[in-house]
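Trainee: Contents of input.tsv (TSV, C-alpha atoms):
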```tsv
chain	number	residue	atom	x	y	z
A	5	MET	CA	-24.32	-20.44	-10.68
A	6	ILE	CA	-23.38	-17.81	-8.15
A	7	GLU	CA	-21.64	-20.45	-6.03
A	8	ASN	CA	-19.29	-21.29	-8.89
A	9	ASP	CA	-18.52	-17.65	-9.59
A	10	ILE	CA	-17.62	-17.10	-5.94
A	11	ARG	CA	-15.49	-20.24	-5.85
A	12	ARG	CA	-13.68	-19.14	-9.00
A	13	PHE	CA	-13.04	-15.70	-7.55
A	14	ILE	CA	-11.58	-17.22	-4.39
A	15	ALA	CA	-9.39	-19.52	-6.51
A	16	ASP	CA	-8.26	-17.00	-9.09
A	17	GLU	CA	-8.05	-13.78	-7.13
A	18	LEU	CA	-7.35	-14.83	-3.58
A	19	ASN	CA	-5.05	-17.62	-4.71
A	20	ASN	CA	-4.98	-19.45	-1.42
A	21	GLY	CA	-4.85	-23.02	-2.65
A	22	PHE	CA	-8.06	-24.03	-0.90
A	23	ALA	CA	-10.57	-23.08	-3.50
A	24	GLU	CA	-10.36	-26.00	-5.91
A	25	SER	CA	-11.50	-28.42	-3.25
A	26	LEU	CA	-13.97	-26.12	-1.52
A	27	SER	CA	-17.51	-27.34	-1.18
A	28	ASP	CA	-20.45	-25.01	-0.87
A	29	ASP	CA	-20.62	-25.75	2.85
A	30	ASP	CA	-16.97	-25.56	3.90
A	31	ARG	CA	-16.40	-23.06	6.69
A	32	LEU	CA	-14.50	-20.18	5.09
A	33	LEU	CA	-13.66	-18.19	8.20
A	34	GLU	CA	-12.80	-21.02	10.57
A	35	ARG	CA	-10.61	-22.75	7.96
A	36	ASN	CA	-8.88	-19.45	7.18
A	37	VAL	CA	-9.83	-19.69	3.52
A	38	LEU	CA	-10.62	-16.00	3.79
A	39	ASP	CA	-8.38	-13.61	5.67
A	40	SER	CA	-9.29	-9.97	6.31
A	41	LEU	CA	-7.90	-8.87	2.96
A	42	GLY	CA	-9.73	-11.66	1.18
A	43	LEU	CA	-12.99	-10.70	2.81
A	44	PHE	CA	-12.51	-7.08	1.85
A	45	GLN	CA	-11.82	-8.02	-1.76
A	46	LEU	CA	-14.65	-10.54	-1.89
A	47	VAL	CA	-17.20	-7.94	-0.76
A	48	ASP	CA	-15.84	-5.54	-3.39
A	49	TYR	CA	-16.17	-8.26	-6.02
A	50	LEU	CA	-19.73	-9.20	-5.04
A	51	GLU	CA	-20.88	-5.60	-5.24
A	52	SER	CA	-19.23	-4.98	-8.60
A	53	GLU	CA	-19.94	-8.30	-10.28
A	54	PHE	CA	-23.52	-8.82	-9.15
A	55	GLY	CA	-24.58	-5.19	-8.88
A	56	VAL	CA	-25.63	-5.44	-5.24
A	57	GLU	CA	-24.80	-3.25	-2.28
A	58	ILE	CA	-23.83	-5.04	0.87
A	59	ASP	CA	-24.47	-3.13	4.07
A	60	ASP	CA	-21.86	-3.27	6.78
A	61	GLU	CA	-24.49	-4.75	9.10
A	62	GLU	CA	-24.67	-7.72	6.72
A	63	LEU	CA	-21.00	-8.56	7.27
A	64	VAL	CA	-21.73	-11.34	9.73
A	65	PRO	CA	-20.75	-15.03	9.86
A	66	ALA	CA	-24.28	-16.04	8.92
A	67	ASN	CA	-23.77	-14.38	5.51
A	68	PHE	CA	-20.09	-15.14	4.97
A	69	GLY	CA	-19.61	-18.46	6.74
A	70	THR	CA	-19.76	-20.59	3.57
A	71	ILE	CA	-19.99	-20.18	-0.19
A	72	ARG	CA	-23.63	-21.20	0.06
A	73	ASP	CA	-24.26	-18.45	2.65
A	74	ILE	CA	-22.65	-15.83	0.41
A	75	ALA	CA	-24.59	-16.98	-2.65
A	76	ARG	CA	-27.82	-16.85	-0.65
A	77	LEU	CA	-27.03	-13.29	0.43
A	78	VAL	CA	-26.33	-12.21	-3.14
A	79	GLN	CA	-29.45	-13.93	-4.42
A	80	SER	CA	-31.61	-12.28	-1.80
A	81	LYS	CA	-30.18	-8.86	-2.64
A	82	ARG	CA	-30.77	-9.37	-6.36
A	83	SER	CA	-34.34	-10.47	-5.95
B	30	MET	CA	22.92	24.97	23.53
B	31	THR	CA	21.88	25.31	19.89
B	32	LEU	CA	18.57	23.84	18.83
B	33	VAL	CA	19.18	21.77	15.69
B	34	ARG	CA	16.05	21.64	13.50
B	35	GLN	CA	17.63	20.02	10.49
B	36	ALA	CA	19.67	16.95	9.64
B	37	SER	CA	20.87	15.75	6.27
B	38	ARG	CA	22.57	12.92	4.40
B	39	ILE	CA	24.17	12.68	0.99
B	40	ASP	CA	23.71	9.54	-1.03
B	41	ARG	CA	27.14	8.23	-1.92
B	42	ALA	CA	26.03	6.77	-5.23
B	43	THR	CA	23.91	9.61	-6.61
B	44	GLY	CA	25.02	12.66	-4.64
B	45	VAL	CA	21.38	13.39	-3.82
B	46	ARG	CA	21.00	15.33	-0.59
B	47	GLU	CA	18.17	14.56	1.80
B	48	ILE	CA	17.26	17.09	4.46
B	49	ALA	CA	15.03	16.12	7.38
B	50	GLU	CA	13.54	19.03	9.25
B	51	PHE	CA	10.57	20.64	10.93
B	52	PHE	CA	9.07	23.47	8.90
B	53	GLY	CA	5.92	25.39	8.12
B	54	PRO	CA	4.47	28.88	8.35
B	55	GLY	CA	2.55	28.50	11.59
B	56	PRO	CA	3.48	27.70	15.18
B	57	VAL	CA	2.71	23.97	14.69
B	58	LYS	CA	5.47	22.57	12.50
B	59	MET	CA	5.39	19.79	9.95
B	60	PHE	CA	8.09	17.17	9.72
B	61	GLY	CA	9.38	16.45	6.27
B	62	PHE	CA	12.15	15.47	3.94
B	63	THR	CA	13.51	17.49	1.04
B	64	HIS	CA	15.34	15.49	-1.63
B	65	LEU	CA	17.69	17.76	-3.56
B	66	PRO	CA	19.50	16.94	-6.82
B	67	THR	CA	23.20	17.60	-7.13
B	68	SER	CA	22.62	20.57	-9.42
B	69	ARG	CA	19.82	23.12	-9.75
B	70	ALA	CA	16.50	21.26	-9.77
B	71	LYS	CA	14.58	21.10	-13.04
B	72	ALA	CA	11.28	20.88	-11.16
B	73	CYS	CA	9.80	19.90	-7.80
B	74	VAL	CA	7.38	17.15	-6.81
B	75	ILE	CA	5.28	17.26	-3.65
B	76	VAL	CA	4.32	13.86	-2.26
B	77	CYS	CA	0.99	13.76	-0.43
B	78	SER	CA	0.93	10.55	1.58
B	79	PRO	CA	-2.18	8.48	2.24
B	80	LEU	CA	-3.52	7.96	5.74
B	81	TYR	CA	-3.47	5.30	8.46
B	82	LEU	CA	-2.24	1.86	7.43
B	83	GLU	CA	-2.05	3.04	3.84
B	84	PHE	CA	0.53	5.60	4.95
B	85	ILE	CA	2.70	2.81	6.33
B	86	ASN	CA	2.18	0.57	3.30
B	87	ASN	CA	3.16	3.31	0.90
B	88	TYR	CA	6.00	4.85	2.90
B	89	ARG	CA	8.94	3.01	1.40
B	90	ARG	CA	7.62	3.37	-2.13
B	91	GLU	CA	7.45	7.13	-1.67
B	92	VAL	CA	11.02	7.23	-0.37
B	93	VAL	CA	12.29	5.23	-3.32
B	94	ILE	CA	10.38	7.34	-5.84
B	95	ALA	CA	11.71	10.53	-4.22
B	96	ARG	CA	15.31	9.31	-4.38
B	97	ARG	CA	14.98	8.21	-7.99
B	98	LEU	CA	13.43	11.51	-9.05
B	99	ALA	CA	16.12	13.50	-7.24
B	100	ALA	CA	18.77	11.46	-9.03
B	101	LEU	CA	17.12	12.59	-12.28
B	102	GLY	CA	17.33	16.24	-11.29
B	103	ILE	CA	13.86	16.69	-9.76
B	104	ALA	CA	13.59	17.92	-6.18
B	105	VAL	CA	11.01	16.16	-4.02
B	106	GLN	CA	9.25	17.26	-0.86
B	107	ARG	CA	7.78	14.61	1.42
B	108	PHE	CA	6.02	15.57	4.63
B	109	HIS	CA	3.82	14.36	7.44
B	110	TYR	CA	0.53	16.19	7.95
B	111	ARG	CA	0.28	18.16	11.17
B	112	GLY	CA	-1.11	15.86	13.83
B	113	GLU	CA	0.21	12.78	11.98
B	114	GLY	CA	3.51	10.93	11.86
B	115	ASN	CA	6.42	12.90	13.32
B	116	SER	CA	4.83	16.29	12.82
B	117	GLU	CA	3.73	18.48	15.64
B	118	GLY	CA	0.08	18.92	16.55
B	119	SER	CA	-2.76	16.77	17.74
B	120	THR	CA	-4.43	14.08	15.64
B	121	GLY	CA	-7.81	15.46	16.61
B	122	ASP	CA	-7.01	18.84	15.05
B	123	ALA	CA	-6.21	17.49	11.58
B	124	THR	CA	-8.94	18.20	9.02
B	125	PHE	CA	-9.14	18.00	5.27
B	126	ASP	CA	-8.40	21.72	5.10
B	127	THR	CA	-5.32	21.55	7.33
B	128	MET	CA	-4.02	18.65	5.23
B	129	ARG	CA	-4.55	20.61	2.00
B	130	ASP	CA	-2.85	23.62	3.59
B	131	ASP	CA	0.05	21.37	4.64
B	132	ALA	CA	0.48	20.22	1.04
B	133	VAL	CA	0.50	23.82	-0.14
B	134	ALA	CA	3.01	24.76	2.59
B	135	ALA	CA	5.20	21.83	1.57
B	136	ALA	CA	5.14	23.13	-2.02
B	137	GLU	CA	6.11	26.60	-0.88
B	138	HIS	CA	8.89	25.10	1.25
B	139	VAL	CA	10.51	23.21	-1.62
B	140	VAL	CA	10.13	26.23	-3.91
B	141	GLU	CA	11.97	28.29	-1.30
B	142	ALA	CA	14.67	25.62	-0.95
B	143	THR	CA	15.28	25.31	-4.70
B	144	GLY	CA	14.15	28.58	-6.24
B	145	VAL	CA	12.24	26.47	-8.77
B	146	HIS	CA	8.55	27.08	-9.39
B	147	ARG	CA	7.82	24.22	-11.77
B	148	LEU	CA	5.76	21.85	-9.62
B	149	ALA	CA	3.94	18.53	-9.74
B	150	PHE	CA	1.91	16.74	-7.07
B	151	PHE	CA	1.65	13.04	-6.26
B	152	GLY	CA	-1.15	11.64	-4.08
B	153	SER	CA	-2.30	8.13	-3.27
B	154	ARG	CA	-5.75	6.99	-2.18
B	155	PHE	CA	-7.31	9.63	0.13
B	156	ALA	CA	-4.32	11.89	-0.51
B	157	ALA	CA	-5.41	12.06	-4.15
B	158	LEU	CA	-8.17	14.36	-2.91
B	159	ILE	CA	-5.66	16.39	-0.92
B	160	ALA	CA	-3.21	16.61	-3.83
B	161	ALA	CA	-6.00	17.63	-6.19
B	162	ALA	CA	-7.15	20.35	-3.79
B	163	ALA	CA	-3.58	21.60	-3.33
B	164	THR	CA	-2.68	21.53	-6.98
B	165	ALA	CA	-5.62	23.80	-7.75
B	166	ARG	CA	-3.50	26.55	-6.18
B	167	PHE	CA	-0.77	26.00	-8.77
B	168	ASP	CA	-1.97	26.47	-12.33
B	169	GLY	CA	-1.07	23.68	-14.69
B	170	SER	CA	0.89	21.52	-12.25
B	171	PRO	CA	0.95	17.89	-13.36
B	172	LEU	CA	-0.72	15.47	-10.98
B	173	VAL	CA	-0.08	11.78	-10.30
B	174	LEU	CA	-2.84	9.83	-8.60
B	175	TRP	CA	-2.42	6.28	-7.31
B	176	ASP	CA	-5.65	4.37	-6.85
B	177	PRO	CA	-7.44	7.62	-6.11
B	178	VAL	CA	-10.37	7.87	-3.76
B	179	LEU	CA	-13.13	9.44	-5.86
B	180	ASP	CA	-15.43	10.41	-3.04
B	181	ALA	CA	-14.43	11.01	0.56
B	182	LEU	CA	-17.66	9.42	1.70
B	183	GLN	CA	-16.75	6.19	-0.07
B	184	TYR	CA	-13.36	6.20	1.65
B	185	LEU	CA	-14.96	6.78	5.02
B	186	ARG	CA	-17.27	3.90	4.28
B	187	ASP	CA	-14.20	1.77	3.51
B	188	VAL	CA	-12.76	2.72	6.90
B	189	PHE	CA	-15.94	1.58	8.62
B	190	ARG	CA	-15.95	-1.56	6.51
B	191	ALA	CA	-12.32	-2.32	7.32
B	192	LYS	CA	-13.14	-2.17	11.01
B	193	ARG	CA	-16.24	-4.29	10.51
B	194	ILE	CA	-14.40	-6.94	8.47
B	195	HIS	CA	-11.54	-7.03	10.92
B	196	THR	CA	-13.98	-7.84	13.69
B	197	LEU	CA	-15.86	-10.34	11.50
B	198	LYS	CA	-12.61	-12.22	10.96
B	199	LYS	CA	-12.00	-12.13	14.69
B	200	GLY	CA	-15.45	-13.60	15.21
B	201	ASP	CA	-17.06	-10.65	16.97
B	202	PRO	CA	-18.83	-8.57	14.32
B	203	GLY	CA	-21.82	-7.82	16.48
B	204	SER	CA	-19.77	-5.42	18.56
B	205	VAL	CA	-19.26	-3.03	15.64
B	206	ARG	CA	-22.06	-1.30	13.78
B	207	THR	CA	-21.79	1.65	11.41
B	208	GLY	CA	-24.43	3.56	13.35
B	209	GLY	CA	-22.54	2.82	16.54
B	210	MET	CA	-19.28	4.06	15.02
B	211	LEU	CA	-20.93	7.33	13.97
B	212	GLU	CA	-22.34	7.73	17.46
B	213	GLN	CA	-18.88	7.12	18.89
B	214	LEU	CA	-17.41	9.73	16.55
B	215	GLU	CA	-20.00	12.20	17.77
B	216	ARG	CA	-19.61	11.29	21.41
B	217	ASP	CA	-15.85	10.68	21.73
B	218	GLY	CA	-14.45	12.64	18.80
B	219	GLY	CA	-12.97	9.51	17.24
B	220	PHE	CA	-12.56	5.75	17.32
B	221	ASP	CA	-9.88	3.17	16.74
B	222	VAL	CA	-9.52	1.38	13.40
B	223	MET	CA	-6.94	-1.37	13.76
B	224	GLY	CA	-4.66	0.82	15.83
B	225	TYR	CA	-5.28	4.12	14.04
B	226	THR	CA	-7.43	6.93	15.38
B	227	PHE	CA	-10.16	8.01	13.02
B	228	THR	CA	-11.40	11.43	14.08
B	229	ARG	CA	-14.62	13.35	13.89
B	230	ALA	CA	-12.74	16.44	12.65
B	231	LEU	CA	-11.45	14.64	9.58
B	232	TYR	CA	-14.77	12.90	8.99
B	233	GLU	CA	-16.85	16.06	9.07
B	234	SER	CA	-14.38	18.17	7.08
B	235	SER	CA	-14.17	15.53	4.33
B	236	LEU	CA	-17.86	15.02	3.64
B	237	GLY	CA	-18.87	16.25	0.20
B	238	ARG	CA	-15.32	16.22	-1.18
B	239	THR	CA	-14.90	14.41	-4.45
B	240	LEU	CA	-11.93	14.16	-6.77
B	241	GLU	CA	-14.01	15.88	-9.41
B	242	ASN	CA	-14.94	18.86	-7.26
B	243	GLN	CA	-11.48	19.25	-5.70
B	244	LEU	CA	-9.61	19.47	-9.01
B	245	ASP	CA	-10.05	22.74	-10.84
B	246	SER	CA	-10.63	22.78	-14.57
B	247	SER	CA	-7.37	24.44	-15.60
B	248	PRO	CA	-5.40	22.49	-18.22
B	249	ARG	CA	-2.94	20.06	-16.71
B	250	ARG	CA	-1.57	16.58	-17.24
B	251	LEU	CA	-2.81	13.73	-15.08
B	252	LEU	CA	-1.45	10.24	-14.55
B	253	VAL	CA	-4.02	7.92	-12.99
B	254	LEU	CA	-2.59	4.60	-11.82
B	255	ARG	CA	-5.07	1.93	-10.87
B	256	LEU	CA	-3.34	-0.59	-8.68
B	257	GLY	CA	-4.34	-4.17	-9.10
B	258	LYS	CA	-7.96	-3.71	-9.98
B	259	ASP	CA	-9.88	-4.98	-12.92
B	260	PRO	CA	-10.94	-1.80	-14.75
B	261	ARG	CA	-14.30	-3.45	-15.40
B	262	LEU	CA	-14.88	-3.23	-11.67
B	263	ASP	CA	-13.92	0.40	-11.54
B	264	ARG	CA	-16.64	2.09	-13.57
B	265	PRO	CA	-16.87	5.36	-11.62
B	266	LEU	CA	-13.18	6.09	-12.21
B	267	THR	CA	-13.53	5.21	-15.88
B	268	GLY	CA	-16.41	7.67	-16.15
B	269	LEU	CA	-14.41	10.40	-14.43
B	270	VAL	CA	-11.40	9.86	-16.69
B	271	GLU	CA	-13.68	10.13	-19.72
B	272	ARG	CA	-15.16	13.40	-18.43
B	273	TRP	CA	-11.69	14.81	-17.83
B	274	GLN	CA	-10.58	13.82	-21.29
B	275	ALA	CA	-13.68	15.45	-22.76
B	276	ALA	CA	-12.73	18.60	-20.87
B	277	ARG	CA	-9.33	18.43	-22.57
B	278	ILE	CA	-7.43	17.53	-19.44
B	279	GLU	CA	-4.67	15.22	-20.63
B	280	VAL	CA	-5.13	12.01	-18.69
B	281	GLU	CA	-2.97	8.92	-18.95
B	282	ASP	CA	-4.84	6.03	-17.36
B	283	ARG	CA	-2.72	2.99	-16.44
B	284	LEU	CA	-3.46	-0.31	-14.76
B	285	VAL	CA	-0.62	-1.82	-12.74
B	286	GLY	CA	-0.29	-4.95	-10.66
B	287	GLN	CA	-2.50	-7.89	-9.93
B	288	ARG	CA	-3.57	-7.33	-6.38
B	289	GLU	CA	-3.26	-4.54	-3.90
B	290	ALA	CA	-3.79	-4.40	-0.21
B	291	TRP	CA	-4.33	-0.91	1.03
B	292	TRP	CA	-5.81	-1.78	4.38
B	293	PHE	CA	-4.66	-5.36	4.73
B	294	THR	CA	-1.15	-6.25	3.64
B	295	SER	CA	-0.49	-9.94	3.29
B	296	ASP	CA	3.27	-9.98	2.91
B	297	GLY	CA	6.29	-8.09	1.68
B	298	ALA	CA	6.21	-9.72	-1.72
B	299	GLU	CA	2.91	-7.99	-2.33
B	300	MET	CA	4.56	-4.62	-1.97
B	301	GLU	CA	7.36	-5.59	-4.31
B	302	ARG	CA	4.83	-6.12	-7.07
B	303	LEU	CA	4.22	-2.41	-7.03
B	304	LYS	CA	7.72	-1.64	-8.25
B	305	GLN	CA	6.14	-1.37	-11.66
B	306	ALA	CA	3.89	1.42	-10.35
B	307	SER	CA	6.97	3.28	-9.15
B	308	ASP	CA	8.66	2.81	-12.53
B	309	VAL	CA	5.67	4.19	-14.40
B	310	THR	CA	5.42	7.16	-12.01
B	311	VAL	CA	9.09	8.11	-12.15
B	312	ASP	CA	9.18	7.81	-15.92
B	313	TRP	CA	6.00	9.85	-16.39
B	314	LEU	CA	7.15	12.64	-14.09
B	315	ALA	CA	10.60	12.69	-15.62
B	316	ARG	CA	9.07	12.84	-19.09
B	317	PHE	CA	6.99	15.91	-18.36
B	318	LEU	CA	9.24	17.69	-15.87
B	319	THR	CA	12.61	17.25	-17.52
B	320	ASP	CA	11.56	16.74	-21.13
B	321	ALA	CA	13.96	13.83	-21.16
B	322	GLY	CA	12.46	10.81	-19.41
B	323	GLU	CA	14.40	8.27	-17.43
B	324	HIS	CA	17.28	6.55	-19.11
B	325	GLY	CA	19.05	3.44	-17.99
```
Kindly transcribe the structure held in the file into structure tokens.
Mentor:
Amino acid sequence: MIENDIRRFIADELNNGFAESLSDDDRLLERNVLDSLGLFQLVDYLESEFGVEIDDEELVPANFGTIRDIARLVQSKRS
Amino acid sequence: MTLVRQASRIDRATGVREIAEFFGPGPVKMFGFTHLPTSRAKACVIVCSPLYLEFINNYRREVVIARRLAALGIAVQRFHYRGEGNSEGSTGDATFDTMRDDAVAAAEHVVEATGVHRLAFFGSRFAALIAAAATARFDGSPLVLWDPVLDALQYLRDVFRAKRIHTLKKGDPGSVRTGGMLEQLERDGGFDVMGYTFTRALYESSLGRTLENQLDSSPRRLLVLRLGKDPRLDRPLTGLVERWQAARIEVEDRLVGQREAWWFTSDGAEMERLKQASDVTVDWLARFLTDAGEHG
């Protein structure tokens, strides 16, 4: 599942202590799960791992607000 | 009154002399530091610094590397590009070509100071392109590249993305669009990225530059340090290294660190993790420039 891959990346790579308990609908930006660096690295990861290209115009809260939002974005790019 | 253009210090432990001065062939002078060994230098290294926040993040590492190399008998020239840092000139006048020319002028300066023509270049991120372009003027000079930018366009895209992500985190992403940033470059000659001015002159002069097309094909040794990235996620660089090796350019490809923050630094501990990168760099340069390596 894409959601699990994203959650694992946040836990393993961003190492912020939140990830283990994160649900798909937790607010990542408001809860400061992702800081600017984390966002930058996450976008890099999504592009490399899932073979998608994320346009700068797609860097909006609607696509990066929750793990579910991010997974939906990736899924839509892949299909 | 005498105009003093130079100041120096001598390290009490190593005897290494550091000279701070304004220099350069033209009317607009660069600011830089020359690190001189206690005896005749065995070789010289020119440090090409990255840009913007990356310049700040890398600054101390470059100082430490310079001092360590000088203690091993290798002179080092550090400098600020014209229009950047302490150097003279306007930010808006700096282009890729002026930065490459500054690196070449820095090389000529340290050669003049030491009388030694054996050179190597060291460039990080965007400055990898600059170092590669400069080193093409000096046949066979070894080259150290930290997390090199492979394509200027990709770096420029990262700049736009950094600005976009910064505003996303602040909750106002709608105010920044790539098209809008390009229009602002065209209209105003530049825009602000987290406190740094990104200029149209640098943007336009950098388009089409790649690490592959900036480095000539003459035989030389290369050290490529990837900082904190999973090589699986870095396929373009892997491909380039393989092409260089096929062309009989001797490339040592190393992966160092767990995580790097070029645009966004989380804390000081993060920078400390890169001590290993400095160790690898100093040892590699010492190995090929002094034929001895670093001991102790």
Trainee: Between B:Leu269, B:Ile194, B:Ala315, B:Met223, which residue has the minimum interatomic distance to chain A, considering only C-alpha atoms?
Mentor: B:Ile194
Trainee: May I have the residues within 10 Å of Glu34 of chain A as a PyMOL selection string, using all atoms listed in the file and disregarding those fewer than 6 positions away in the same chain?
Mentor: (chain A and resi 65+69-70) or (chain B and resi 198-200)
Trainee: Could you please determine the separation between atom CA of Val253 of chain B and atom CA of Glu57 of chain A in Å, to one decimal place?
Mentor: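 Here the two named atoms are 25.9 Å from each other.
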Trainee: Would you give me, as a list in words, the residues of chain A that come within 8 Å of chain B, using all atoms listed in the file?
Mentor: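 Filtering chain A at 8 Å from chain B with all atoms listed in the file gives Glu17, Leu33, Asp39, Ser40, Leu41, Leu43, Phe44, Tyr49, Ser52, Glu53, Asp60, Glu61, Leu63, Val64 and Pro65 of chain A.
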Trainee: By how many Å are atom CA of Arg250 of chain B and atom CA of Leu185 of chain B apart?
Mentor: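 Atom CA of Leu185 of chain B lies 27.8 Å from atom CA of Arg250 of chain B.
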